[in-house]
$ cat my_file_13.tsv   # TSV, C-alpha atoms
chain	number	residue	atom	x	y	z
A	19	MET	CA	-52.49	-22.87	-7.95
A	20	GLU	CA	-51.19	-23.27	-4.40
A	21	THR	CA	-53.55	-22.22	-1.60
A	22	LEU	CA	-51.90	-20.48	1.33
A	23	PRO	CA	-53.03	-21.05	4.93
A	24	ASN	CA	-55.12	-18.49	6.76
A	25	CYS	CA	-53.42	-16.40	9.43
A	26	PRO	CA	-53.37	-18.30	12.77
A	27	GLU	CA	-53.75	-15.03	14.69
A	28	CYS	CA	-56.65	-13.25	12.98
A	29	GLY	CA	-57.89	-15.80	10.41
A	30	SER	CA	-57.26	-13.51	7.43
A	31	THR	CA	-57.23	-15.14	4.00
A	32	TYR	CA	-54.87	-12.49	2.55
A	33	THR	CA	-51.63	-14.15	3.66
A	34	TYR	CA	-48.56	-14.25	1.46
A	35	GLU	CA	-45.12	-15.88	1.45
A	36	ASP	CA	-41.86	-13.92	1.58
A	37	ARG	CA	-38.43	-15.60	1.86
A	38	GLY	CA	-39.83	-18.73	3.47
A	39	MET	CA	-42.03	-16.85	5.97
A	40	MET	CA	-45.79	-16.52	5.88
A	41	ILE	CA	-47.02	-12.98	6.52
A	42	CYS	CA	-50.44	-11.54	7.28
A	43	PRO	CA	-50.87	-7.99	5.95
A	44	GLU	CA	-53.89	-7.35	8.18
A	45	CYS	CA	-52.42	-8.03	11.64
A	46	GLY	CA	-48.69	-8.24	10.82
A	47	HIS	CA	-48.24	-11.78	12.20
A	48	GLU	CA	-45.31	-13.74	10.73
A	49	TRP	CA	-44.76	-17.50	10.95
A	50	THR	CA	-42.97	-20.30	9.15
A	51	PRO	CA	-45.13	-22.78	7.23
A	52	GLY	CA	-43.44	-25.71	9.01
A	53	ASP	CA	-44.37	-24.52	12.51
A	54	ALA	CA	-45.75	-27.11	14.88
A	55	VAL	CA	-49.49	-27.56	15.03
A	56	GLU	CA	-51.15	-24.40	16.25
A	57	GLU	CA	-52.01	-24.32	19.93
A	58	ASP	CA	-55.66	-25.10	20.56
A	59	ASN	CA	-57.08	-21.95	22.16
A	60	SER	CA	-60.20	-23.82	23.27
A	61	ALA	CA	-58.13	-26.12	25.54
A	62	VAL	CA	-58.55	-25.26	29.20
A	63	LYS	CA	-55.34	-25.23	31.25
A	64	ASP	CA	-54.78	-24.87	34.97
A	65	SER	CA	-52.40	-22.38	36.60
A	66	ASN	CA	-49.44	-24.68	35.88
A	67	GLY	CA	-50.30	-25.23	32.21
A	68	ASN	CA	-51.74	-28.74	32.62
A	69	LEU	CA	-54.71	-29.59	30.39
A	70	LEU	CA	-57.98	-30.00	32.26
A	71	ALA	CA	-60.81	-32.33	31.27
A	72	ASP	CA	-64.37	-33.00	32.40
A	73	GLY	CA	-64.42	-35.07	35.60
A	74	ASP	CA	-60.99	-33.93	36.85
A	75	THR	CA	-60.31	-33.00	40.46
A	76	VAL	CA	-58.66	-29.62	41.04
A	77	THR	CA	-57.28	-27.72	44.02
A	78	VAL	CA	-57.85	-23.99	44.59
A	79	ILE	CA	-54.49	-22.17	44.72
A	80	LYS	CA	-55.57	-18.97	46.51
A	81	ASP	CA	-58.43	-17.73	48.68
A	82	LEU	CA	-61.35	-16.74	46.45
A	83	LYS	CA	-63.98	-14.25	47.59
A	84	VAL	CA	-67.52	-15.31	46.75
A	85	LYS	CA	-70.16	-12.66	46.10
A	86	GLY	CA	-73.12	-13.05	48.44
A	87	ALA	CA	-71.32	-15.46	50.78
A	88	SER	CA	-70.04	-14.68	54.24
A	89	GLY	CA	-66.69	-16.41	53.68
A	90	ALA	CA	-64.22	-17.27	50.96
A	91	ILE	CA	-63.20	-20.50	49.28
A	92	LYS	CA	-59.93	-21.26	51.05
A	93	GLN	CA	-56.64	-22.12	49.38
A	94	GLY	CA	-56.20	-25.90	49.18
A	95	THR	CA	-59.91	-26.67	48.78
A	96	LYS	CA	-60.37	-29.70	46.53
A	97	VAL	CA	-63.11	-29.55	43.93
A	98	LYS	CA	-64.13	-32.90	42.42
A	99	ASN	CA	-65.80	-33.77	39.14
A	100	ILE	CA	-65.42	-30.43	37.34
A	101	ARG	CA	-67.16	-29.67	34.06
A	102	LEU	CA	-65.55	-27.43	31.44
A	103	VAL	CA	-67.76	-24.75	29.89
A	104	GLU	CA	-67.27	-21.89	27.46
A	105	SER	CA	-67.94	-18.50	28.95
A	106	SER	CA	-67.29	-14.95	27.81
A	107	ASP	CA	-66.48	-13.79	31.35
A	108	GLY	CA	-63.51	-16.15	31.83
A	109	HIS	CA	-65.22	-18.56	34.23
A	110	ASN	CA	-64.58	-21.81	32.35
A	111	ILE	CA	-65.09	-24.41	35.11
A	112	ASP	CA	-68.55	-25.39	36.35
A	113	CYS	CA	-68.49	-27.27	39.66
A	114	LYS	CA	-69.92	-27.79	43.13
A	115	VAL	CA	-67.80	-26.56	46.03
A	116	ASP	CA	-68.49	-28.13	49.42
A	117	GLY	CA	-70.04	-25.54	51.71
A	118	PHE	CA	-70.81	-23.14	48.84
A	119	GLY	CA	-72.82	-25.13	46.29
A	120	PRO	CA	-72.75	-24.86	42.49
A	121	MET	CA	-70.57	-22.14	41.00
A	122	LYS	CA	-68.17	-21.25	38.23
A	123	LEU	CA	-64.41	-20.85	38.65
A	124	LYS	CA	-61.61	-19.53	36.48
A	125	SER	CA	-59.01	-22.12	35.52
A	126	GLU	CA	-56.17	-19.71	36.37
A	127	PHE	CA	-57.01	-20.12	40.10
A	128	VAL	CA	-56.87	-23.92	40.24
A	129	LYS	CA	-54.29	-26.66	39.74
A	130	LYS	CA	-54.91	-30.24	38.71
A	131	ALA	CA	-54.92	-32.56	41.72
$ encode --input "my_file_13.tsv" --output "structure tokens"
Amino acid sequence: METLPNCPECGSTYTYEDRGMMICPECGHEWTPGDAVEEDNSAVKDSNGNLLADGDTVTVIKDLKVKGASGAIKQGTKVKNIRLVESSDGHNIDCKVDGFGPMKLKSEFVKKA
């Protein structure tokens, strides 16, 4: 008996094949079995789509307001030696910003330097 792959969208085990396409009855996602390797959703990418890694240096692409601080992190600020973290609030970079101290940033507001 052939085992069919789980749905890449919702993880359902109730997938079936129809005319060369794989279909998930739970979420309606359709894909071909020969598709390229699924994109890794845990990979952290910058605003340009470049993969980020621990220890990278990034540049802030827009002024970012900081709660409790009198100023903002200015566009063009370089942040060295970042650390990637998993967070439910979208802040997936842990770092130290000169003049502000330790904080978390969202990867969508930085680009790899």
$ atom_distance --input "my_file_13.tsv" --atom1 "atom CA of A:Ile111" --atom2 "atom CA of A:Ser88"
22.0 Å
$ atom_distance --input "my_file_13.tsv" --atom1 "atom CA of A:Thr31" --atom2 "atom CA of A:Thr50"
16.0 Å
$ atom_distance --input "my_file_13.tsv" --atom1 "atom CA of A:Asn110" --atom2 "atom CA of A:Glu27"
21.8 Å
$ closest_residue --input "my_file_13.tsv" --among "A:Ala61, A:Leu70, A:Leu22, A:Leu82" --to "A:Asp36" --atoms "all atoms listed in the file"
A:Leu22
$ residues_near_point --input "my_file_13.tsv" --point "(-67.5, -23.4, 28.7)" --cutoff "12 Å" --atoms "all atoms listed in the file" --output "list in words"
Ser60, Ala61, Val62, Ala71, Asp72, Ile100, Arg101, Leu102, Val103, Glu104, Ser105, Ser106, Asp107, Gly108, His109, Asn110, Ile111, Asp112, Cys113, Lys122, Leu123, Lys124 and Ser125 of chain A
$ build_atoms --input "my_file_13.tsv" --residues "stretch 63-93 of chain A" --atoms "N, CA and C atoms" --output "short mmCIF file (atom, residue, chain, number, x, y, z; two decimals), keeping the file's coordinate frame"
data_model
loop_
_atom_site.label_atom_id
_atom_site.label_comp_id
_atom_site.auth_asym_id
_atom_site.auth_seq_id
_atom_site.Cartn_x
_atom_site.Cartn_y
_atom_site.Cartn_z
N LYS A 63 -56.53 -24.87 30.49
CA LYS A 63 -55.34 -25.23 31.25
C LYS A 63 -55.42 -24.65 32.65
N ASP A 64 -54.81 -25.37 33.60
CA ASP A 64 -54.78 -24.87 34.97
C ASP A 64 -53.66 -23.84 35.13
N SER A 65 -53.41 -23.42 36.35
CA SER A 65 -52.40 -22.38 36.60
C SER A 65 -50.99 -22.84 36.27
N ASN A 66 -50.76 -24.15 36.20
CA ASN A 66 -49.44 -24.68 35.88
C ASN A 66 -49.30 -25.09 34.42
N GLY A 67 -50.35 -24.88 33.63
CA GLY A 67 -50.30 -25.23 32.21
C GLY A 67 -50.74 -26.64 31.89
N ASN A 68 -51.25 -27.39 32.86
CA ASN A 68 -51.74 -28.74 32.62
C ASN A 68 -53.13 -28.69 32.00
N LEU A 69 -53.39 -29.55 31.02
CA LEU A 69 -54.71 -29.59 30.39
C LEU A 69 -55.73 -30.15 31.37
N LEU A 70 -56.89 -29.54 31.42
CA LEU A 70 -57.98 -30.00 32.26
C LEU A 70 -59.03 -30.68 31.39
N ALA A 71 -59.76 -31.62 31.98
CA ALA A 71 -60.81 -32.33 31.27
C ALA A 71 -62.02 -32.48 32.19
N ASP A 72 -63.17 -32.75 31.60
CA ASP A 72 -64.37 -33.00 32.40
C ASP A 72 -64.11 -34.15 33.36
N GLY A 73 -64.56 -34.01 34.61
CA GLY A 73 -64.42 -35.07 35.60
C GLY A 73 -63.15 -34.98 36.43
N ASP A 74 -62.23 -34.08 36.09
CA ASP A 74 -60.99 -33.93 36.85
C ASP A 74 -61.27 -33.39 38.25
N THR A 75 -60.30 -33.59 39.13
CA THR A 75 -60.31 -33.00 40.46
C THR A 75 -59.24 -31.91 40.48
N VAL A 76 -59.60 -30.73 40.98
CA VAL A 76 -58.66 -29.62 41.04
C VAL A 76 -58.58 -29.08 42.46
N THR A 77 -57.50 -28.34 42.72
CA THR A 77 -57.28 -27.72 44.02
C THR A 77 -57.19 -26.21 43.82
N VAL A 78 -57.88 -25.45 44.66
CA VAL A 78 -57.85 -23.99 44.59
C VAL A 78 -56.50 -23.50 45.10
N ILE A 79 -55.85 -22.59 44.35
CA ILE A 79 -54.49 -22.17 44.72
C ILE A 79 -54.44 -20.87 45.52
N LYS A 80 -55.56 -20.18 45.68
CA LYS A 80 -55.57 -18.97 46.51
C LYS A 80 -56.98 -18.76 47.04
N ASP A 81 -57.11 -18.02 48.13
CA ASP A 81 -58.43 -17.73 48.68
C ASP A 81 -59.24 -16.96 47.66
N LEU A 82 -60.48 -17.39 47.43
CA LEU A 82 -61.35 -16.74 46.45
C LEU A 82 -62.58 -16.18 47.15
N LYS A 83 -62.78 -14.88 47.03
CA LYS A 83 -63.98 -14.25 47.59
C LYS A 83 -65.18 -14.67 46.76
N VAL A 84 -66.31 -14.90 47.44
CA VAL A 84 -67.52 -15.31 46.75
C VAL A 84 -68.59 -14.26 47.02
N LYS A 85 -69.11 -13.67 45.93
CA LYS A 85 -70.16 -12.66 46.10
C LYS A 85 -71.38 -13.28 46.77
N GLY A 86 -71.91 -12.59 47.76
CA GLY A 86 -73.12 -13.05 48.44
C GLY A 86 -72.87 -14.07 49.52
N ALA A 87 -71.63 -14.48 49.72
CA ALA A 87 -71.32 -15.46 50.78
C ALA A 87 -70.56 -14.76 51.90
N SER A 88 -70.68 -15.31 53.09
CA SER A 88 -70.04 -14.68 54.24
C SER A 88 -68.54 -14.98 54.29
N GLY A 89 -68.11 -16.05 53.64
CA GLY A 89 -66.69 -16.41 53.68
C GLY A 89 -66.11 -16.53 52.28
N ALA A 90 -64.91 -17.07 52.23
CA ALA A 90 -64.22 -17.27 50.96
C ALA A 90 -63.90 -18.74 50.78
N ILE A 91 -63.68 -19.14 49.54
CA ILE A 91 -63.20 -20.50 49.28
C ILE A 91 -61.71 -20.47 49.61
N LYS A 92 -61.30 -21.29 50.55
CA LYS A 92 -59.93 -21.26 51.05
C LYS A 92 -58.96 -21.96 50.12
N GLN A 93 -57.73 -21.49 50.13
CA GLN A 93 -56.64 -22.12 49.38
C GLN A 93 -56.52 -23.57 49.82
#
